[in-house]
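This is query08.csv (CSV, C-alpha atoms).
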chain,number,residue,atom,x,y,z
A,147,MET,CA,10.9,14.8,-9.1
A,148,ALA,CA,14.2,16.5,-9.9
A,149,ASP,CA,15.9,14.4,-7.3
A,150,GLU,CA,15.6,11.2,-9.4
A,151,THR,CA,19.1,10.5,-10.8
A,152,GLU,CA,17.8,8.1,-13.5
A,153,THR,CA,14.5,7.5,-15.2
A,154,LEU,CA,12.7,4.2,-14.6
A,155,GLY,CA,13.4,3.3,-18.2
A,156,GLN,CA,17.2,3.8,-17.6
A,157,ARG,CA,17.1,1.6,-14.5
A,158,MET,CA,15.1,-1.0,-16.3
A,159,ARG,CA,17.6,-1.1,-19.2
A,160,ARG,CA,20.6,-1.3,-16.8
A,161,ALA,CA,19.0,-4.2,-14.9
A,162,ARG,CA,18.0,-6.0,-18.1
A,163,LEU,CA,21.6,-5.7,-19.5
A,164,ARG,CA,23.0,-6.9,-16.2
A,165,LEU,CA,21.1,-10.2,-16.7
A,166,GLY,CA,22.0,-10.4,-20.4
A,167,LEU,CA,18.4,-10.1,-21.5
A,168,THR,CA,17.2,-8.6,-24.7
A,169,GLN,CA,14.1,-6.4,-25.0
A,170,ALA,CA,12.4,-9.4,-26.7
A,171,ASP,CA,13.3,-11.6,-23.7
A,172,VAL,CA,11.6,-9.2,-21.3
A,173,ALA,CA,8.7,-8.8,-23.5
A,174,ALA,CA,8.1,-12.5,-23.8
A,175,ARG,CA,8.1,-13.0,-20.0
A,176,LEU,CA,5.7,-10.1,-19.5
A,177,ARG,CA,3.5,-11.2,-22.4
A,178,ARG,CA,4.1,-7.7,-24.0
A,179,THR,CA,5.6,-6.6,-27.3
A,180,GLN,CA,9.2,-5.7,-27.8
A,181,SER,CA,8.0,-2.3,-28.9
A,182,TRP,CA,6.3,-1.8,-25.5
A,183,VAL,CA,9.5,-2.6,-23.6
A,184,SER,CA,11.4,-0.2,-25.9
A,185,LYS,CA,9.0,2.6,-25.2
A,186,VAL,CA,9.2,2.0,-21.4
A,187,GLU,CA,13.0,2.2,-21.6
A,188,SER,CA,12.9,5.3,-23.7
A,189,GLY,CA,10.4,7.0,-21.4
A,190,ASP,CA,7.6,7.1,-24.0
A,191,ILE,CA,5.4,5.0,-21.7
A,192,GLU,CA,5.0,5.9,-18.0
A,193,LEU,CA,4.3,3.0,-15.7
A,194,ASP,CA,1.5,4.0,-13.3
A,195,ARG,CA,0.2,0.5,-12.4
A,196,ALA,CA,1.7,-1.3,-9.3
A,197,SER,CA,1.0,-4.7,-10.9
A,198,VAL,CA,3.0,-3.9,-14.0
A,199,ILE,CA,5.9,-2.4,-12.0
A,200,ASN,CA,6.0,-5.4,-9.7
A,201,ALA,CA,5.8,-7.9,-12.6
A,202,LEU,CA,8.6,-6.1,-14.4
A,203,ALA,CA,10.8,-6.1,-11.3
A,204,GLY,CA,10.1,-9.8,-10.9
A,205,VAL,CA,11.4,-10.5,-14.5
A,206,LEU,CA,14.5,-8.4,-13.8
A,207,HIS,CA,15.0,-10.1,-10.4
A,208,ILE,CA,15.2,-6.8,-8.5
A,209,HIS,CA,13.0,-5.3,-5.8
A,210,PRO,CA,10.4,-2.9,-7.2
A,211,ASN,CA,11.9,-0.1,-5.1
A,212,GLU,CA,15.2,-0.5,-7.1
A,213,LEU,CA,13.2,0.0,-10.3
A,214,ILE,CA,11.4,3.1,-9.1
A,215,GLU,CA,14.4,4.4,-7.1
A,216,ARG,CA,12.6,4.4,-3.8
A,217,PRO,CA,12.8,5.7,-1.0
A,218,PHE,CA,12.6,9.0,-2.7
A,219,THR,CA,15.1,11.6,-1.4
A,220,GLY,CA,14.0,15.0,-0.1
A,221,SER,CA,15.1,17.7,2.3
A,222,THR,CA,17.2,16.9,5.5
A,223,ALA,CA,14.0,17.1,7.6
A,224,GLU,CA,12.1,14.8,5.2
A,225,ASN,CA,14.9,12.2,5.5
A,226,GLN,CA,14.9,12.0,9.3
A,227,TRP,CA,12.4,9.1,9.2
A,228,GLN,CA,15.2,6.9,8.2
A,229,VAL,CA,16.8,7.5,11.6
A,230,SER,CA,13.6,6.3,13.3
A,231,ALA,CA,13.5,3.3,10.9
A,232,ALA,CA,17.0,2.3,11.9
A,233,LEU,CA,16.1,2.5,15.6
A,234,THR,CA,12.9,0.4,14.9
A,235,LEU,CA,15.0,-2.2,13.0
A,236,ARG,CA,17.3,-2.4,16.0
A,237,GLU,CA,14.5,-3.2,18.3
A,238,LEU,CA,13.1,-5.8,16.0
A,239,ARG,CA,16.5,-7.5,15.5
A,240,ARG,CA,17.0,-8.0,19.2
A,241,TYR,CA,13.5,-9.4,19.8
A,242,ASP,CA,14.8,-12.5,21.7
A,243,LEU,CA,17.3,-10.6,23.9
A,244,ALA,CA,16.6,-9.0,27.3
A,245,PRO,CA,14.9,-5.7,26.6
A,246,THR,CA,16.9,-2.5,27.5
A,247,PHE,CA,14.1,-0.8,29.4
A,248,GLU,CA,14.6,1.2,32.6
A,249,GLY,CA,12.0,1.1,35.3
A,250,ALA,CA,8.7,-0.8,35.3
A,251,PRO,CA,6.8,-1.0,32.1
A,252,ARG,CA,3.2,0.2,32.0
A,253,SER,CA,0.3,-2.3,32.1
A,254,ALA,CA,-1.0,-3.8,28.9
A,255,ALA,CA,-4.2,-1.7,29.2
A,256,GLU,CA,-2.1,1.4,29.4
A,257,LEU,CA,0.0,0.3,26.4
A,258,TRP,CA,-3.2,-0.2,24.4
A,259,THR,CA,-4.3,3.3,25.3
A,260,ALA,CA,-0.9,4.6,24.1
A,261,MET,CA,-1.4,2.8,20.8
A,262,ARG,CA,-4.4,5.0,20.1
A,263,GLN,CA,-2.0,7.7,19.1
A,264,LEU,CA,-0.6,5.4,16.4
A,265,HIS,CA,-4.1,4.7,15.1
A,266,LEU,CA,-4.7,8.5,14.8
A,267,LEU,CA,-1.4,8.9,13.0
A,268,ARG,CA,-2.2,6.0,10.7
A,269,ASP,CA,-5.5,7.6,9.8
A,270,GLU,CA,-3.7,10.8,8.9
A,271,ALA,CA,-1.1,8.9,6.9
A,272,ASP,CA,1.7,10.4,9.1
A,273,ASN,CA,4.0,7.5,8.8
A,274,THR,CA,7.2,9.4,9.8
A,275,ALA,CA,5.5,10.2,13.2
A,276,ILE,CA,4.6,6.6,13.6
A,277,LEU,CA,8.2,5.5,13.2
A,278,THR,CA,9.3,8.1,15.7
A,279,LEU,CA,7.1,6.5,18.4
A,280,LEU,CA,7.7,2.9,17.5
A,281,PRO,CA,11.1,2.0,19.0
A,282,ASP,CA,10.1,3.0,22.6
A,283,LEU,CA,6.7,1.3,22.3
A,284,LEU,CA,8.3,-1.9,21.0
A,285,ARG,CA,10.9,-1.8,23.8
A,286,GLU,CA,8.3,-1.3,26.5
A,287,ALA,CA,5.9,-4.0,25.2
A,288,ARG,CA,8.8,-6.4,25.1
A,289,ALA,CA,9.8,-5.5,28.6
A,290,LEU,CA,6.2,-6.2,29.9
A,291,ALA,CA,6.2,-9.6,28.1
A,292,GLU,CA,9.5,-10.4,29.8
A,293,THR,CA,8.3,-9.5,33.4
A,294,ALA,CA,4.5,-10.3,33.3
A,295,GLY,CA,2.8,-13.6,33.2
A,296,GLY,CA,-0.5,-15.1,32.2
A,297,ARG,CA,-3.0,-13.0,30.3
A,298,GLU,CA,-1.0,-9.8,30.9
A,299,ARG,CA,2.0,-11.3,29.1
A,300,GLU,CA,-0.1,-12.4,26.2
A,301,GLU,CA,-1.5,-8.9,25.8
A,302,ALA,CA,2.0,-7.5,25.8
A,303,TYR,CA,2.8,-9.7,22.9
A,304,ALA,CA,-0.4,-8.6,21.2
A,305,VAL,CA,0.7,-4.9,21.6
A,306,TYR,CA,4.1,-5.8,20.2
A,307,ALA,CA,2.5,-7.5,17.2
A,308,VAL,CA,0.1,-4.6,16.3
A,309,ALA,CA,3.0,-2.2,16.8
A,310,CYS,CA,4.9,-4.2,14.2
A,311,LYS,CA,1.9,-3.8,11.9
A,312,PHE,CA,2.1,-0.1,12.2
A,313,GLY,CA,5.8,-0.3,11.3
A,314,HIS,CA,5.0,-2.5,8.4
A,315,THR,CA,2.4,0.0,7.0
A,316,SER,CA,4.8,2.9,7.5
A,317,ALA,CA,7.6,1.0,5.8
A,318,HIS,CA,5.4,0.3,2.8
A,319,ALA,CA,4.4,3.9,2.5
A,320,LEU,CA,7.9,5.2,2.8
A,321,GLY,CA,9.7,2.5,0.8
A,322,HIS,CA,11.9,0.6,3.3
A,323,PRO,CA,11.9,-3.1,2.2
A,324,GLU,CA,14.1,-4.4,5.1
A,325,LEU,CA,11.7,-2.9,7.6
A,326,ILE,CA,8.7,-4.3,5.7
A,327,THR,CA,10.2,-7.8,5.9
A,328,LEU,CA,11.3,-7.7,9.5
A,329,ALA,CA,8.2,-6.1,10.8
A,330,ALA,CA,6.1,-8.9,9.3
A,331,GLU,CA,8.3,-11.6,10.7
A,332,ARG,CA,8.3,-10.2,14.2
A,333,ALA,CA,4.5,-9.6,14.1
A,334,GLY,CA,4.1,-13.3,13.3
A,335,TRP,CA,6.4,-14.2,16.2
A,336,ALA,CA,4.5,-12.1,18.6
A,337,ALA,CA,1.1,-13.1,17.3
A,338,GLN,CA,1.7,-16.7,18.1
A,339,ARG,CA,2.4,-15.8,21.7
A,340,SER,CA,-0.4,-13.3,22.1
A,341,GLY,CA,-3.4,-15.5,22.8
A,342,ASP,CA,-5.3,-13.5,20.2
A,343,PRO,CA,-6.8,-16.1,17.8
A,344,LEU,CA,-7.2,-13.4,15.1
A,345,LEU,CA,-3.7,-12.0,15.1
A,346,PRO,CA,-2.1,-14.7,13.0
A,347,ALA,CA,-4.7,-14.0,10.3
A,348,VAL,CA,-3.8,-10.3,10.5
A,349,VAL,CA,-0.2,-11.2,10.0
A,350,ASP,CA,-1.1,-13.2,6.9
A,351,TRP,CA,-3.0,-10.1,5.7
A,352,MET,CA,0.3,-8.2,6.0
A,353,ARG,CA,2.3,-11.0,4.2
A,354,ALA,CA,-0.1,-11.1,1.3
A,355,TRP,CA,0.6,-7.4,0.8
A,356,ASP,CA,4.3,-8.2,0.7
A,357,MET,CA,3.8,-10.9,-2.0
A,358,TRP,CA,2.5,-8.2,-4.3
A,359,ALA,CA,6.1,-6.8,-4.6
A,360,THR,CA,7.1,-10.0,-6.4
A,361,ALA,CA,3.9,-10.3,-8.4
A,362,ASP,CA,3.0,-13.5,-6.6
A,363,TRP,CA,-0.8,-12.9,-7.0
A,364,ASP,CA,-1.8,-16.6,-6.7
A,365,ASP,CA,0.4,-17.1,-3.5
A,366,ALA,CA,-1.2,-14.0,-2.0
A,367,LEU,CA,-4.7,-15.5,-2.7
A,368,ALA,CA,-3.6,-18.8,-1.2
A,369,LEU,CA,-2.2,-17.2,1.9
A,370,GLY,CA,-5.4,-15.2,2.3
A,371,ASP,CA,-7.5,-18.3,2.1
A,372,LYS,CA,-5.4,-19.9,4.8
A,373,ALA,CA,-6.0,-17.0,7.0
A,374,LEU,CA,-9.7,-17.0,6.3
A,375,ARG,CA,-10.0,-20.6,7.3
A,376,GLY,CA,-8.4,-19.7,10.6
A,377,VAL,CA,-11.1,-17.1,11.4
A,378,SER,CA,-14.1,-18.7,9.8
A,379,ALA,CA,-15.6,-20.0,13.0
A,380,ALA,CA,-15.5,-16.7,14.7
A,381,TYR,CA,-16.8,-15.0,11.6
A,382,GLU,CA,-19.8,-17.4,11.5
A,383,ARG,CA,-20.5,-16.6,15.1
A,384,GLY,CA,-20.7,-12.9,14.1
A,385,GLU,CA,-17.9,-11.7,16.4
A,386,ALA,CA,-17.2,-8.1,15.5
A,387,PRO,CA,-13.4,-8.3,15.4
A,388,ALA,CA,-13.6,-11.4,13.2
A,389,LEU,CA,-16.0,-9.7,10.8
A,390,ARG,CA,-13.5,-6.9,10.3
A,391,VAL,CA,-10.6,-9.3,9.8
A,392,TRP,CA,-12.6,-11.5,7.4
A,393,GLY,CA,-13.7,-8.5,5.4
A,394,SER,CA,-10.2,-7.1,5.2
A,395,LEU,CA,-8.8,-10.4,4.0
A,396,GLN,CA,-11.5,-10.5,1.3
A,397,LEU,CA,-10.6,-7.0,0.1
A,398,ARG,CA,-6.9,-8.0,-0.1
A,399,ALA,CA,-7.9,-11.1,-2.0
A,400,ALA,CA,-10.0,-9.1,-4.4
A,401,VAL,CA,-7.0,-6.8,-5.3
A,402,SER,CA,-4.8,-9.9,-5.7
A,403,ALA,CA,-7.2,-11.5,-8.1
A,404,ALA,CA,-7.6,-8.3,-10.1
A,405,ARG,CA,-3.9,-7.9,-10.5
A,406,ALA,CA,-3.8,-11.5,-11.7
A,407,GLY,CA,-6.4,-10.5,-14.3
A,408,ASN,CA,-9.1,-12.7,-12.7
A,409,ALA,CA,-12.2,-10.4,-12.8
A,410,VAL,CA,-14.6,-13.2,-11.8
A,411,GLU,CA,-12.6,-14.0,-8.6
A,412,ALA,CA,-12.2,-10.4,-7.8
A,413,GLU,CA,-15.9,-9.7,-8.0
A,414,HIS,CA,-16.6,-12.8,-5.9
A,415,ARG,CA,-14.3,-11.5,-3.1
A,416,LEU,CA,-15.8,-8.1,-3.2
A,417,LYS,CA,-19.3,-9.6,-2.7
A,418,LEU,CA,-18.0,-11.5,0.3
A,419,ALA,CA,-16.5,-8.3,1.7
A,420,ASP,CA,-19.8,-6.6,1.1
A,421,GLU,CA,-21.6,-9.2,3.2
A,422,SER,CA,-19.1,-8.8,6.0
A,423,ALA,CA,-19.5,-5.0,5.9
A,424,ARG,CA,-23.3,-5.4,6.2
A,425,ARG,CA,-22.9,-7.6,9.2
A,426,VAL,CA,-20.5,-5.1,10.8
A,427,THR,CA,-23.0,-2.3,10.3
A,428,ALA,CA,-25.9,-4.3,11.5
A,429,GLY,CA,-24.1,-5.6,14.6
A,430,SER,CA,-24.8,-4.1,18.0
A,431,GLN,CA,-21.3,-4.8,19.3
A,432,PRO,CA,-19.0,-1.7,19.7
A,433,VAL,CA,-16.3,-1.5,17.0
A,434,ASP,CA,-13.0,-3.0,18.3
A,435,ASP,CA,-10.1,-1.8,16.1
A,436,ARG,CA,-7.3,-3.2,18.2
A,437,HIS,CA,-5.9,-4.8,15.0
A,438,SER,CA,-5.9,-1.4,13.2
A,439,LEU,CA,-7.9,-2.6,10.2
A,440,THR,CA,-9.8,0.1,8.3
A,441,PHE,CA,-12.8,-1.9,7.3
A,442,SER,CA,-16.3,-0.5,6.5
A,443,ALA,CA,-18.8,-0.3,3.7
A,444,GLY,CA,-17.0,2.8,2.5
A,445,ASN,CA,-13.7,0.9,2.3
A,446,VAL,CA,-15.4,-1.8,0.3
A,447,GLY,CA,-16.7,0.8,-2.1
A,448,ILE,CA,-13.4,2.4,-2.8
A,449,HIS,CA,-11.8,-1.0,-3.2
A,450,ARG,CA,-14.4,-1.7,-6.0
A,451,VAL,CA,-13.0,1.4,-7.8
A,452,ASN,CA,-9.5,0.2,-7.3
A,453,VAL,CA,-10.2,-3.3,-8.6
A,454,ALA,CA,-11.8,-1.9,-11.7
A,455,LEU,CA,-8.7,0.1,-12.3
A,456,GLU,CA,-6.5,-2.9,-11.8
A,457,LEU,CA,-8.6,-4.6,-14.5
A,458,SER,CA,-8.0,-1.6,-16.8
A,459,GLN,CA,-11.7,-0.7,-16.6
A,460,GLN,CA,-11.3,3.0,-16.0
A,461,ASP,CA,-14.8,3.9,-17.3
A,462,GLU,CA,-16.3,1.4,-14.9
A,463,ALA,CA,-14.2,2.8,-12.1
A,464,LEU,CA,-15.6,6.3,-12.8
A,465,ARG,CA,-19.2,4.9,-12.9
A,466,LEU,CA,-18.6,3.2,-9.6
A,467,HIS,CA,-17.3,6.5,-8.2
A,468,GLU,CA,-20.4,8.3,-9.3
A,469,ARG,CA,-22.6,5.8,-7.5
A,470,LEU,CA,-20.6,6.0,-4.2
A,471,ASP,CA,-22.2,8.0,-1.4
A,472,PRO,CA,-19.8,11.0,-0.7
A,473,GLU,CA,-20.7,10.8,3.0
A,474,VAL,CA,-19.6,7.2,3.2
A,475,VAL,CA,-16.3,8.1,1.5
A,476,GLY,CA,-15.9,11.2,3.7
A,477,ALA,CA,-16.2,9.1,6.8
A,478,LEU,CA,-13.0,7.2,5.9
A,479,PRO,CA,-9.7,8.2,7.4
A,480,ALA,CA,-7.4,10.6,5.4
A,481,SER,CA,-5.1,7.8,4.5
A,482,ARG,CA,-7.8,5.9,2.6
A,483,ARG,CA,-9.4,9.0,1.1
A,484,GLY,CA,-6.0,10.2,-0.2
A,485,HIS,CA,-5.4,6.8,-1.8
A,486,TYR,CA,-8.9,6.9,-3.3
A,487,ARG,CA,-8.4,10.3,-4.9
A,488,MET,CA,-5.1,9.1,-6.3
A,489,ASP,CA,-7.0,6.2,-8.0
A,490,LEU,CA,-9.6,8.7,-9.4
A,491,ALA,CA,-6.7,10.7,-10.8
A,492,ARG,CA,-5.5,7.7,-12.7
A,493,ALA,CA,-9.0,6.8,-13.9
A,494,TYR,CA,-9.6,10.4,-15.3
A,495,LEU,CA,-6.1,10.4,-16.9
A,496,TRP,CA,-6.7,7.1,-18.6
A,497,SER,CA,-10.0,8.3,-19.9
A,498,GLY,CA,-8.4,11.4,-21.4
A,499,GLN,CA,-9.5,13.9,-18.8
A,500,ARG,CA,-6.2,15.4,-17.9
A,501,ASP,CA,-7.6,18.4,-16.0
A,502,ARG,CA,-9.9,16.3,-13.9
A,503,ALA,CA,-6.9,14.0,-13.2
A,504,PHE,CA,-4.8,16.9,-11.9
A,505,THR,CA,-7.7,18.1,-9.8
A,506,GLU,CA,-8.0,14.7,-8.1
A,507,LEU,CA,-4.3,14.4,-7.6
A,508,ALA,CA,-4.2,17.8,-6.0
A,509,ALA,CA,-7.0,16.8,-3.7
A,510,ALA,CA,-5.2,13.6,-2.8
A,511,GLU,CA,-2.1,15.6,-1.9
A,512,ARG,CA,-4.2,18.0,0.3
A,513,ILE,CA,-5.8,15.1,2.1
A,514,ALA,CA,-2.7,13.0,2.7
A,515,PRO,CA,0.4,14.9,1.6
A,516,GLN,CA,3.0,12.6,3.0
A,517,LEU,CA,1.4,9.5,1.5
A,518,ILE,CA,0.9,10.9,-1.9
A,519,ARG,CA,4.2,12.6,-2.3
A,520,ASN,CA,6.0,9.4,-1.4
A,521,HIS,CA,3.7,7.1,-3.6
A,522,PRO,CA,5.2,5.9,-6.8
A,523,ILE,CA,1.9,5.7,-8.6
A,524,ALA,CA,1.1,9.3,-7.7
A,525,ARG,CA,4.5,10.4,-9.0
A,526,ALA,CA,4.0,8.5,-12.2
A,527,THR,CA,0.5,9.9,-12.6
A,528,LEU,CA,1.9,13.4,-12.2
A,529,ARG,CA,4.6,12.8,-14.7
A,530,ARG,CA,2.1,11.7,-17.2
A,531,ILE,CA,0.0,14.8,-16.6
A,532,VAL,CA,3.1,17.1,-16.9
A,533,TYR,CA,4.4,15.4,-20.0
A,534,GLY,CA,1.0,15.3,-21.6
A,535,GLU,CA,0.6,19.0,-21.0
A,536,ARG,CA,4.0,19.7,-22.6
A,537,THR,CA,3.1,17.6,-25.6
A,538,GLY,CA,-0.2,19.4,-25.9
A,539,VAL,CA,1.4,22.8,-25.8
A,540,ARG,CA,4.0,21.8,-28.4
A,541,GLU,CA,1.3,20.5,-30.7
A,542,GLN,CA,-0.7,23.8,-30.3
A,543,LEU,CA,2.5,25.8,-31.1
A,544,ARG,CA,3.2,23.7,-34.1
A,545,ARG,CA,-0.3,24.2,-35.5
A,546,MET,CA,-0.2,28.0,-34.8
A,547,SER,CA,3.2,28.2,-36.5
A,548,ALA,CA,1.7,26.5,-39.5
A,549,ARG,CA,-1.2,29.0,-39.6
A,550,PHE,CA,1.3,31.8,-39.4
A,551,HIS,CA,3.5,30.1,-42.0
A,552,LEU,CA,6.4,30.0,-39.7
A,553,SER,CA,9.0,27.2,-39.8
A,554,ALA,CA,8.6,24.8,-36.8
Turn the structure described in the file into structure tokens.
Amino acid sequence: MADETETLGQRMRRARLRLGLTQADVAARLRRTQSWVSKVESGDIELDRASVINALAGVLHIHPNELIERPFTGSTAENQWQVSAALTLRELRRYDLAPTFEGAPRSAAELWTAMRQLHLLRDEADNTAILTLLPDLLREARALAETAGGREREEAYAVYAVACKFGHTSAHALGHPELITLAAERAGWAAQRSGDPLLPAVVDWMRAWDMWATADWDDALALGDKALRGVSAAYERGEAPALRVWGSLQLRAAVSAARAGNAVEAEHRLKLADESARRVTAGSQPVDDRHSLTFSAGNVGIHRVNVALELSQQDEALRLHERLDPEVVGALPASRRGHYRMDLARAYLWSGQRDRAFTELAAAERIAPQLIRNHPIARATLRRIVYGERTGVREQLRRMSARFHLSA
């Protein structure tokens, strides 16, 4: 964390003064106290909740990434993903121009097979590797859509849309707001041409995530409900892909409701996701993950823990964790398990168990190092552990000095 040129509090103060706002102004808009704002600016309070960071950024009219100084800098090798991001942006910007692809593109079936590598990389939270592969894949899918017709053309657009989704996920993980926005827009454009009735709902799932950056929790819920209406018929028929899309939308809605402070709505959405997970498990149809949605009973379980944390119920989060079947959690991809361990680190930290918090954060890093090292909440949690340790040592030294009758 030595690469951070300013603290969050310093960036917050600079943005506040740029708008001519007082600490009391910011406090009133956040429904906090002036003392709380002052402590955040001075670094006495570490922000380790995405909902609070996003709400604060909204009051200051800046992107959350500006507030947390993201993307985080690293070594030359660690920064190479930005080259791939720029190449991906180039392909997305020229979406309606003739593709620059030499030779004949592969068939849609072959492109879907190639996409399996992106699924594996997503599961391992290797977002930089995903961005390395994306430009060529987007270019080839676009070339196929340009030269093919009928169902083959629609499938080419479906590949393009899901490839955009991979770019969207990677951009979120690495902190690239321009790529986040453009990937969602192009996914929507391609989804409408794909012939896949579920893809527009998947794009809305992406957009609801983006609305969290501006703390538009109610809009995220409304968008999710629009998407749910679009897949409800297929869900009622029990179609396996629709069950996964429906459940994923309900989980996103549950988090949106929790961040809005609506515990009743969050619980309602979790129950609906539970029902969808049961239907997925009971179904005889093979799992079709062409939309790259990690949805299962295990994913619902870890979302329950996350929702409890969003509602500041860390003790309940830990109780839910104790009741979760470790095998169910262990079956989840590394990206989800890493995020879950990061949530547990926060829960233990907030309950005063700093050592357990560090253990969970270390486990999260081992499971999904790229994800955790680039995640602002993980970094904030680590800062709280480090500063708490320093404070504890200082207090121990002060007490020992007093016992030895030494001046502090």
Env of Ala380 (chain A): 12 Å cut, atoms = only C-alpha atoms, seq-sep filter 2 positions within chain, self excluded. Answer as a PDB file with C-alpha atoms, keeping the file's coordinate frame.
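The new file part-v8.pdb reads:
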ATOM      1  CA  PRO A 343      -6.800 -16.100  17.800  1.00  0.00           C
ATOM      2  CA  LEU A 344      -7.200 -13.400  15.100  1.00  0.00           C
ATOM      3  CA  ALA A 347      -4.700 -14.000  10.300  1.00  0.00           C
ATOM      4  CA  LEU A 374      -9.700 -17.000   6.300  1.00  0.00           C
ATOM      5  CA  ARG A 375     -10.000 -20.600   7.300  1.00  0.00           C
ATOM      6  CA  GLY A 376      -8.400 -19.700  10.600  1.00  0.00           C
ATOM      7  CA  VAL A 377     -11.100 -17.100  11.400  1.00  0.00           C
ATOM      8  CA  SER A 378     -14.100 -18.700   9.800  1.00  0.00           C
ATOM      9  CA  GLU A 382     -19.800 -17.400  11.500  1.00  0.00           C
ATOM     10  CA  ARG A 383     -20.500 -16.600  15.100  1.00  0.00           C
ATOM     11  CA  GLY A 384     -20.700 -12.900  14.100  1.00  0.00           C
ATOM     12  CA  GLU A 385     -17.900 -11.700  16.400  1.00  0.00           C
ATOM     13  CA  ALA A 386     -17.200  -8.100  15.500  1.00  0.00           C
ATOM     14  CA  PRO A 387     -13.400  -8.300  15.400  1.00  0.00           C
ATOM     15  CA  ALA A 388     -13.600 -11.400  13.200  1.00  0.00           C
ATOM     16  CA  LEU A 389     -16.000  -9.700  10.800  1.00  0.00           C
ATOM     17  CA  ARG A 390     -13.500  -6.900  10.300  1.00  0.00           C
ATOM     18  CA  VAL A 391     -10.600  -9.300   9.800  1.00  0.00           C
ATOM     19  CA  TRP A 392     -12.600 -11.500   7.400  1.00  0.00           C
TER      20      TRP A 392
END
Please provide as a PyMOL selection string all residues within 12 Å of Asp501 (chain A), with the sequence filter that same-chain residues fewer than 2 positions apart are discarded (counting only C-alpha atoms).
-> chain A and resi 490-499+503-508+528+530-532+534-535
Taking only residues of region 338-456 of chain A that have an atom at most 8 Å from an atom of region 474-478 of chain A, what is each one's shortest atom pair and its distance in Å to one decimal, using only C-alpha atoms, in chain and number order, as a tab-separated table?
residue	atom	partner	partner_atom	distance
A:Ala443	CA	A:Val474	CA	7.6
A:Gly444	CA	A:Val474	CA	5.2
A:Asn445	CA	A:Leu478	CA	7.3
A:Ile448	CA	A:Val475	CA	7.7
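Comparing A:Val446, A:Ala201, A:Leu206, A:Leu470 by their smallest distance to Arg159 (chain A), the closest is A:Leu206 (using all atoms listed in the file).
CA of Arg339 (chain A) lies 8.7 Å from CA of Arg299 (chain A).
When all atoms listed in the file are used to measure the gap to Met488 (chain A), the shortest distance among A:Ala255, A:Arg195, A:Thr440, A:Ala359 belongs to A:Arg195.
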Residues within 12 Å of Gln226 (chain A), all atoms listed in the file, excluding chain neighbours under 6 positions, as a PyMOL selection string | chain A and resi 219-220+232-233+273-275+277-278+320
Long-range neighbours of His314 (chain A) as a VMD selection string, 9 Å cut-off, all atoms listed in the file, 6 positions minimum in chain = chain A and resid 325 to 330 352
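The coordinates place CA of Ala423 (chain A) at 28.0 Å from CA of Ile523 (chain A).
CA of Val205 (chain A) is positioned 15.5 Å from CA of Ala406 (chain A).
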Could you list as a PyMOL selection string every residue that has an atom within 10 Å of (-10.4, -11.8, -7.5), using the file's coordinates and counting all atoms listed in the file?
-> chain A and resi 363-364+367+396-416+453
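For Glu286 (chain A), the list of residues within 10 Å, based on all atoms listed in the file and with local chain neighbours fewer than 6 positions off taken out, reads A:Pro245, A:Thr246, A:Phe247, A:Glu248, A:Gly249, A:Ala250, A:Pro251, A:Arg252, A:Ser253, A:Ala254, A:Leu257, A:Leu280, A:Glu292, A:Ala302, A:Val305, A:Tyr306.
With only C-alpha atoms as the atoms that count, the minimum distance from Arg425 (chain A) to the choices A:Ser442, A:Arg465, A:Asp471, A:Ala361 is reached by A:Ser442.
Protein and nucleic acid residues near (12.0, -11.1, 26.4) are Tyr241, Asp242, Leu243, Ala244, Pro245, Arg288, Ala289, Leu290, Ala291, Glu292 and Thr293 of chain A, the criterion being any atom at most 9 Å away using only C-alpha atoms.
Remark: for Val183 (chain A), the closest of the candidate residues A:Gly313, A:Leu395, A:Ala196, A:Thr168 is A:Thr168 (distances computed over all atoms listed in the file).
Among the candidates A:Asn520, A:His437, A:Gln263, A:Leu283, the residue lying nearest to Asn225 (chain A) is A:Asn520 (atoms considered: only C-alpha atoms).
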